[in-house]
Structure formats: C-alpha cells, structure tokens
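Novice: The structure under discussion is supplied below as structure tokens; questions concerning it will follow.
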Amino acid sequence: AKEPMRVLVTGAAGQIGYALVPMIARGAMLGPDQPVILHMLDIPPATDSLNGVKMELVDAAFPLLKGIVATTDVVEACTGVNVAVMVGGFPRKEGMERKDVMSKNVSIYKSQASALEAHAAPNCKVLVVANPANTNALILKEFAPSFAEKNITCLTRLDHNRALAQIAERLNVQVSDVKNVIIWGNHSSTQYPDVNHATVKTTTGEEPVRKLVADDEWLNSEFITTVQKRGATIITVRKASSALSAASSACDHIRDWVLGTPEGTFVSMGVYSDGSYGVPAGLIYSFPVTCSGGEWKIVQGLPIDEFSRKKMDETAQELSEEKAIAYSCLN
Ligand code: NAX
C-alpha cells in the first residue's frame, strides 16, 4: 500500500474549503489508490466551523483518509506537507482599495511562505487559489527562496474548464471531447481565453474549434467576455462566489501536475514566467503546460497572431502593475 500524502488546505473553513476537502479525501486530487492525511488551517474566529468540518470528515468515513489535522497554528499546519492548496486569504470588501486588500494578502502570504519553507516536506507542490492568485503566488515564491520556482503555481484551471465548457455548449458536444484551450495571464477579467489551438474530437478525427464554431465574431468577443466574467455572473446568480467548480478545478490542477497530462493534451497553469512567448520573466502568468513525472513544462512554439499578442500583453501589463503594488506594500 502507498504511504499517505499530506495535503494542506488553508482557509479550510471557507466555502471552497468545504467543497474541496471531501474531494481530496475521496481521491479526486491524488488518485483512488493514494491515501491522504488532510491538514486544515484557518484563523481563530473560524475555529468552531473548522472543527465542524473535521467532524463531518470523520463522519463521512472516507477509506482513503488516514488522518486529519485541523488547526489555527501555521507551523503545525505546514509541517510535513507534500501538497499545499492555499485557499485562505483576505477578501475584497466593498469600498476597499485594491492596495489595502493587497497589503493584507501580502502579509498573509509572506508569513505562510516562511512556514512552508521551514516545515513542508521536500519538493512540496504549492497551488495558490486565493485572490489575487497570481500575485499571492509571487509573494509566496519571494518569501520561500529555497523553494524551487517550479513548485509554486496558481489556479487558472477553473477559467480553463469554463472555456472548455462554453465551447462544448456552443457546439453541443461532450466537454471531454474538447481540449487545448488556453488561459493566458492573470486570473482576473484581463485573462485571455484563447481557442486558436483548441480541437474537438469528432467521428472523423480532431477538428479545430475555429473551424467547427465557424463564427470568429463570437469567438473573438462574446466567448472571451463570457469566460472572463463567469465568476461575476456566478456571484449574481448564486449570491455567493464559485465554490464547487473552484474546488474541482484545484483537484484537476494538482492531479494533472502529479500524475501527468494525457498525450497530446495541454492545460493552463499559473507558473513562474521564464520569458516564454515574450511574457516578462518574473511574473506568475498562466501558460499552456504539459505535465509528466511530477513536473510541468510550458508548451513551446505555438504561433501567436496579432489579436492574441495584444491580449497577452494587456494581461501581462496588469500583472506587472499588481506586482508593483504588492512590492510597495512590503515597505
Ligand atoms: P471564504 O471567505 O468562504 O473562505 C476563506 C477562508 O479563508 C475563511 O474561512 C477565512 O477565515 C480563511 N482565512 C482568512 N485568512 C486566513 C489566513 N491568514 N490563514 C488561513 N485561513 C485564512 O472564501 P472562498 O469562497 O472559499 O474563496 C477563497 C479564495 O478563493 C478567495 O480569495 C477567492 O477570491 C478565491 N477564488 C479563486 C478562484 C481561482 O480560480 N483562482 C476562483 C474561486 C475563488 O473566487
């Protein structure tokens, strides 16, 4: 039998946490044969609700769940973890300036970075979900300097999955037959959902999405804004932000990273830019990646047209601005 893996979820008493921990305990993140020990961190005001989640996990009698650590102590939470899913953060409240929210999250990510660096298992893989996700991941990287850059990522898989789903609905095909959409850039409304390399499996082989949709006007406008604004639409309709879809995408992100992407398929991950595709190095930017042997690699050599170039640069620009704001909070 496999040794259990320790998975940290911060913000575990929140709504994404509530959807995510049972998925992890069922094997949706690390596979149906991988035992797990869940480490759940939240802040003291959430203690009761965190303990309630722990009681429900016990009651669910998950066969793969070999232990639960529920704590408000960052060091205890980070000790020995192999995977860290950072969902906890400070939300933007009405009337708050972007800089004020940033400053709260910078201080959270700074201290959690140090705890992870000092106490996590070697080669721990980190996924930042909490917004501003790309920039929180960058801060985490900055304050965990001994962590390998490749081990710090942020979630854009939800946006990726939303893009696959929009194409599937439009073409009335199964979402599992659509692949290789790309989310470029920031997990924000400047993200660029790109279908230029996406295909659909048909009875006669793989066909380009552009050819099947045959409506460039829709693909270049409404499709893009629908994906960009989907999070806001969910809030309007559900009166709460995306939770089950965010949790499911976080599982997809880690599963593909650890267990690999299928041959010929790429997915979107926010990773540390090495300058690929002219994206400034030193940003956490969402790229198309393939994964194998527990490592991601940016897909190289995709042709980029003028329309895409502009959108990729706009979202990079926003990330550079966020980075500057975050750094100004450090002083
Ligand atoms: P909730 O407010 O329900 O939960 C957040 C939890 O984090 C709370 O229980 C809170 O007590 C806890 N927390 C706050 N500070 C903490 C700290 N220093 N250490 C540990 N825990 C702490 O928010 P929820 O809806 O679960 O969303 C969580 C985060 O995900 C938000 O930042 C949200 O913006 C972000 N999202 C990111 C998405 C993505 O695709 N990257 C999509 C979904 C989601 O909007």
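In the structure tokens, chains take letters A, B, ... by order of appearance, with residues numbered from 1 within each chain and ligands from 1 in the order shown.
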Can you pull out every residue with an atom within 6 Å of ligand 1? Use only C-alpha atoms and all ligand atoms and format it as a list in words.
Specialist: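 Using only C-alpha atoms and all ligand atoms, everything at most 6 Å from ligand 1 comes to Thr10, Gly11, Ala12, Ala13, Gly14, Gln15, Ile16, Gly17, Leu41, Asp42, Ile43, Ala46, Val87, Gly88, Gly89, Phe90, Pro91, Ile108, Val129, Ala130, Asn131, Ala133, Leu155, Thr156, Leu158, Ser241, Ser242, Ala243 and Ala246 of chain A.
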Novice: Please produce a file of the residues just selected, as a PDB file, in the first residue's frame, where the atoms kept are C-alpha atoms.
Specialist:
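Saved the output as part34.pdb:
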ATOM      1  CA  THR A  10      -5.657  26.803   4.070  1.00  0.00           C
ATOM      2  CA  GLY A  11      -8.942  28.650   4.513  1.00  0.00           C
ATOM      3  CA  ALA A  12     -10.434  25.188   5.055  1.00  0.00           C
ATOM      4  CA  ALA A  13     -13.448  26.531   6.970  1.00  0.00           C
ATOM      5  CA  GLY A  14     -14.499  28.653   3.987  1.00  0.00           C
ATOM      6  CA  GLN A  15     -16.839  27.725   1.169  1.00  0.00           C
ATOM      7  CA  ILE A  16     -14.223  26.418  -1.286  1.00  0.00           C
ATOM      8  CA  GLY A  17     -12.610  24.518   1.582  1.00  0.00           C
ATOM      9  CA  LEU A  41      -5.708  25.656   8.516  1.00  0.00           C
ATOM     10  CA  ASP A  42      -7.957  28.586   9.279  1.00  0.00           C
ATOM     11  CA  ILE A  43      -7.862  31.607  11.585  1.00  0.00           C
ATOM     12  CA  ALA A  46     -13.229  30.209  12.341  1.00  0.00           C
ATOM     13  CA  VAL A  87      -7.336  28.973  -0.356  1.00  0.00           C
ATOM     14  CA  GLY A  88      -7.218  31.257   2.685  1.00  0.00           C
ATOM     15  CA  GLY A  89      -6.946  34.954   2.158  1.00  0.00           C
ATOM     16  CA  PHE A  90      -8.420  38.337   2.822  1.00  0.00           C
ATOM     17  CA  PRO A  91     -11.422  39.094   0.593  1.00  0.00           C
ATOM     18  CA  ILE A 108      -0.607  36.571   4.960  1.00  0.00           C
ATOM     19  CA  VAL A 129      -6.190  29.725  -5.163  1.00  0.00           C
ATOM     20  CA  ALA A 130      -6.856  32.838  -3.057  1.00  0.00           C
ATOM     21  CA  ASN A 131      -7.078  36.125  -4.936  1.00  0.00           C
ATOM     22  CA  ALA A 133      -3.959  34.391  -7.026  1.00  0.00           C
ATOM     23  CA  LEU A 155      -5.052  28.326 -10.211  1.00  0.00           C
ATOM     24  CA  THR A 156      -6.321  29.256 -13.668  1.00  0.00           C
ATOM     25  CA  LEU A 158     -11.202  26.977 -13.368  1.00  0.00           C
ATOM     26  CA  SER A 241     -18.854  33.019  -5.419  1.00  0.00           C
ATOM     27  CA  SER A 242     -17.858  29.845  -7.271  1.00  0.00           C
ATOM     28  CA  ALA A 243     -17.017  27.098  -4.839  1.00  0.00           C
ATOM     29  CA  ALA A 246     -13.171  26.069  -7.959  1.00  0.00           C
TER      30      ALA A 246
END
Novice: Please provide the set of residues having any atom within 8 Å of Leu330 in chain A, restricted to only C-alpha atoms, with same-chain residues fewer than 3 positions apart removed, written as an mmCIF file with C-alpha atoms, in the first residue's frame.
Specialist:
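So the final result, stored in around32.cif, reads:
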data_model
loop_
_atom_site.group_PDB
_atom_site.id
_atom_site.type_symbol
_atom_site.label_atom_id
_atom_site.label_comp_id
_atom_site.auth_asym_id
_atom_site.auth_seq_id
_atom_site.Cartn_x
_atom_site.Cartn_y
_atom_site.Cartn_z
ATOM 1 C CA SER A 103 -1.434 44.653 1.645
ATOM 2 C CA VAL A 106 0.923 40.213 1.123
ATOM 3 C CA ALA A 326 2.474 44.191 -3.900
ATOM 4 C CA TYR A 327 6.114 45.236 -3.597
#
Novice: Point out the residue among A:Ala281, A:Ala250, A:Val69, A:Cys291 with the least atom-to-atom distance to Pro262 in chain A, counting only C-alpha atoms.
Specialist: A:Cys291
Novice: Can you list every residue in range 74-313 of chain A that DSSP puts in strand (DSSP E), as JSON, numbers by chain?
Specialist: {"A": [83, 84, 85, 86, 125, 126, 127, 128, 152, 153, 154, 178, 179, 182, 183, 184, 192, 193, 194, 199, 200, 201, 202, 205, 206, 207, 208, 267, 268, 269, 270, 271, 272, 284, 285, 286, 287, 288, 289, 290, 291, 292, 295, 296, 297, 298]}
Novice: Since we have the selection now, will you write its residues out, keeping N, CA and C atoms, as a CSV table (one decimal), in the first residue's frame?
Specialist:
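What landed in selection_29.csv:
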chain,number,residue,atom,x,y,z
A,83,VAL,N,1.7,18.5,-0.5
A,83,VAL,CA,0.9,19.4,-1.4
A,83,VAL,C,0.3,20.5,-0.5
A,84,ALA,N,0.3,21.7,-1.0
A,84,ALA,CA,-0.3,22.8,-0.2
A,84,ALA,C,-1.2,23.6,-1.1
A,85,VAL,N,-2.5,23.6,-0.8
A,85,VAL,CA,-3.5,24.3,-1.5
A,85,VAL,C,-3.9,25.6,-0.7
A,86,MET,N,-3.5,26.7,-1.2
A,86,MET,CA,-3.7,28.0,-0.4
A,86,MET,C,-5.0,28.7,-0.8
A,125,LYS,N,4.6,20.7,-3.4
A,125,LYS,CA,4.0,21.4,-4.5
A,125,LYS,C,2.9,22.3,-4.0
A,126,VAL,N,3.0,23.6,-4.4
A,126,VAL,CA,2.1,24.6,-3.9
A,126,VAL,C,1.1,25.1,-5.0
A,127,LEU,N,-0.2,25.2,-4.7
A,127,LEU,CA,-1.2,25.8,-5.6
A,127,LEU,C,-1.8,26.9,-4.8
A,128,VAL,N,-1.7,28.2,-5.3
A,128,VAL,CA,-2.4,29.3,-4.7
A,128,VAL,C,-3.8,29.5,-5.4
A,152,ILE,N,5.8,26.4,-7.3
A,152,ILE,CA,4.8,27.4,-6.9
A,152,ILE,C,4.0,27.8,-8.1
A,153,THR,N,2.7,27.5,-7.9
A,153,THR,CA,1.8,27.8,-9.1
A,153,THR,C,0.5,28.4,-8.6
A,154,CYS,N,-0.3,29.0,-9.5
A,154,CYS,CA,-1.6,29.4,-9.1
A,154,CYS,C,-2.7,28.9,-10.0
A,178,VAL,N,-13.5,18.2,-26.0
A,178,VAL,CA,-12.9,19.5,-26.3
A,178,VAL,C,-11.5,19.5,-25.5
A,179,LYS,N,-10.5,20.0,-26.2
A,179,LYS,CA,-9.2,20.2,-25.5
A,179,LYS,C,-8.4,21.3,-26.0
A,182,ILE,N,-6.6,27.6,-24.1
A,182,ILE,CA,-5.5,28.2,-23.3
A,182,ILE,C,-6.0,29.4,-22.5
A,183,ILE,N,-5.7,29.5,-21.2
A,183,ILE,CA,-5.9,30.8,-20.5
A,183,ILE,C,-4.5,31.4,-20.4
A,184,TRP,N,-4.4,32.6,-20.9
A,184,TRP,CA,-3.1,33.3,-20.8
A,184,TRP,C,-3.2,34.4,-19.7
A,192,TYR,N,-6.8,36.1,-21.0
A,192,TYR,CA,-7.1,35.9,-22.4
A,192,TYR,C,-7.4,34.4,-22.6
A,193,PRO,N,-8.7,34.0,-22.8
A,193,PRO,CA,-9.1,32.7,-23.2
A,193,PRO,C,-8.9,32.5,-24.7
A,194,ASP,N,-8.0,31.6,-25.1
A,194,ASP,CA,-7.6,31.5,-26.5
A,194,ASP,C,-8.0,30.2,-27.0
A,199,THR,N,-9.1,21.9,-30.1
A,199,THR,CA,-9.7,21.0,-31.0
A,199,THR,C,-10.9,20.3,-30.4
A,200,VAL,N,-11.7,19.7,-31.2
A,200,VAL,CA,-12.8,18.8,-30.7
A,200,VAL,C,-12.7,17.4,-31.4
A,201,LYS,N,-12.8,16.4,-30.6
A,201,LYS,CA,-12.8,15.0,-31.1
A,201,LYS,C,-14.1,14.8,-31.8
A,202,THR,N,-14.1,14.4,-33.1
A,202,THR,CA,-15.3,14.1,-33.9
A,202,THR,C,-15.2,12.6,-34.4
A,205,GLY,N,-12.1,12.4,-36.6
A,205,GLY,CA,-10.8,12.8,-36.1
A,205,GLY,C,-10.9,14.1,-35.3
A,206,GLU,N,-9.7,14.8,-35.1
A,206,GLU,CA,-9.8,16.0,-34.4
A,206,GLU,C,-9.9,17.2,-35.3
A,207,GLU,N,-10.9,18.1,-35.0
A,207,GLU,CA,-11.1,19.3,-35.8
A,207,GLU,C,-10.9,20.5,-35.0
A,208,PRO,N,-10.3,21.6,-35.7
A,208,PRO,CA,-10.1,22.8,-34.9
A,208,PRO,C,-11.4,23.4,-34.5
A,267,VAL,N,-2.9,21.9,-20.6
A,267,VAL,CA,-3.8,22.5,-19.6
A,267,VAL,C,-3.2,23.9,-19.2
A,268,SER,N,-4.0,24.7,-18.6
A,268,SER,CA,-3.5,26.0,-18.2
A,268,SER,C,-3.1,26.0,-16.7
A,269,MET,N,-1.9,26.6,-16.4
A,269,MET,CA,-1.5,26.7,-15.0
A,269,MET,C,-0.8,28.1,-14.9
A,270,GLY,N,-1.0,28.7,-13.8
A,270,GLY,CA,-0.2,29.9,-13.5
A,270,GLY,C,1.1,29.5,-13.0
A,271,VAL,N,2.2,29.8,-13.7
A,271,VAL,CA,3.6,29.4,-13.3
A,271,VAL,C,4.5,30.6,-13.5
A,272,TYR,N,5.7,30.4,-12.9
A,272,TYR,CA,6.7,31.5,-12.9
A,272,TYR,C,7.2,31.6,-14.4
A,284,ILE,N,4.1,35.6,-12.2
A,284,ILE,CA,3.4,34.3,-12.3
A,284,ILE,C,2.3,34.6,-13.3
A,285,TYR,N,2.3,33.8,-14.4
A,285,TYR,CA,1.5,34.1,-15.6
A,285,TYR,C,0.9,32.7,-16.0
A,286,SER,N,-0.3,32.7,-16.4
A,286,SER,CA,-0.9,31.5,-16.9
A,286,SER,C,-0.5,31.1,-18.3
A,287,PHE,N,0.1,29.9,-18.5
A,287,PHE,CA,0.5,29.4,-19.8
A,287,PHE,C,-0.1,28.1,-20.1
A,288,PRO,N,0.0,27.6,-21.3
A,288,PRO,CA,-0.4,26.2,-21.6
A,288,PRO,C,0.8,25.4,-21.2
A,289,VAL,N,0.5,24.3,-20.4
A,289,VAL,CA,1.6,23.4,-20.0
A,289,VAL,C,1.2,21.9,-20.2
A,290,THR,N,2.2,21.1,-20.3
A,290,THR,CA,2.0,19.6,-20.2
A,290,THR,C,2.8,19.2,-19.0
A,291,CYS,N,2.3,18.1,-18.4
A,291,CYS,CA,3.0,17.6,-17.1
A,291,CYS,C,3.3,16.2,-17.3
A,292,SER,N,4.5,15.8,-16.8
A,292,SER,CA,4.9,14.4,-16.7
A,292,SER,C,6.0,14.3,-15.7
A,295,GLU,N,6.3,17.1,-13.1
A,295,GLU,CA,6.8,18.4,-13.5
A,295,GLU,C,6.0,19.0,-14.6
A,296,TRP,N,5.8,20.3,-14.6
A,296,TRP,CA,5.1,21.0,-15.7
A,296,TRP,C,6.1,21.5,-16.7
A,297,LYS,N,5.7,21.7,-17.9
A,297,LYS,CA,6.6,22.3,-18.9
A,297,LYS,C,5.7,23.2,-19.8
A,298,ILE,N,6.2,24.4,-20.0
A,298,ILE,CA,5.4,25.3,-20.9
A,298,ILE,C,5.4,24.8,-22.3
Novice: For the helix (DSSP H, G or I) assignment from backbone DSSP, which residues of range 1-44 of chain A qualify? Please present them as a count of residues only.
Specialist: 12
Novice: In terms of the shortest atom-to-atom distance over only C-alpha atoms, which of A:Pro35, A:Pro132, A:Gly80, A:Gly282 is closest to Leu8 in chain A?
Specialist: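 Looking only at the distances to Leu8 in chain A, the closest residue turns out to be A:Gly80.
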Novice: Within 12 Å of Gly67 in chain A, counting only C-alpha atoms, which residues qualify if same-chain residues fewer than 5 places away don't, as a list of chain:residue names?
Specialist: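 Once the nearby chain positions are removed, what remains is A:Pro4, A:Met5, A:Arg6, A:Val7, A:Leu8, A:Ala25, A:Pro35, A:Val36, A:Ile37, A:Leu38, A:His39, A:Met40, A:Lys54, A:Leu57, A:Val58, A:Ala61, A:Phe62.
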Novice: Mind giving me the straight-line distance from CA of Lys311 in chain A to CA of Gly185 in chain A in Å, one decimal?
Specialist: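 It comes out at 9.0 Å.
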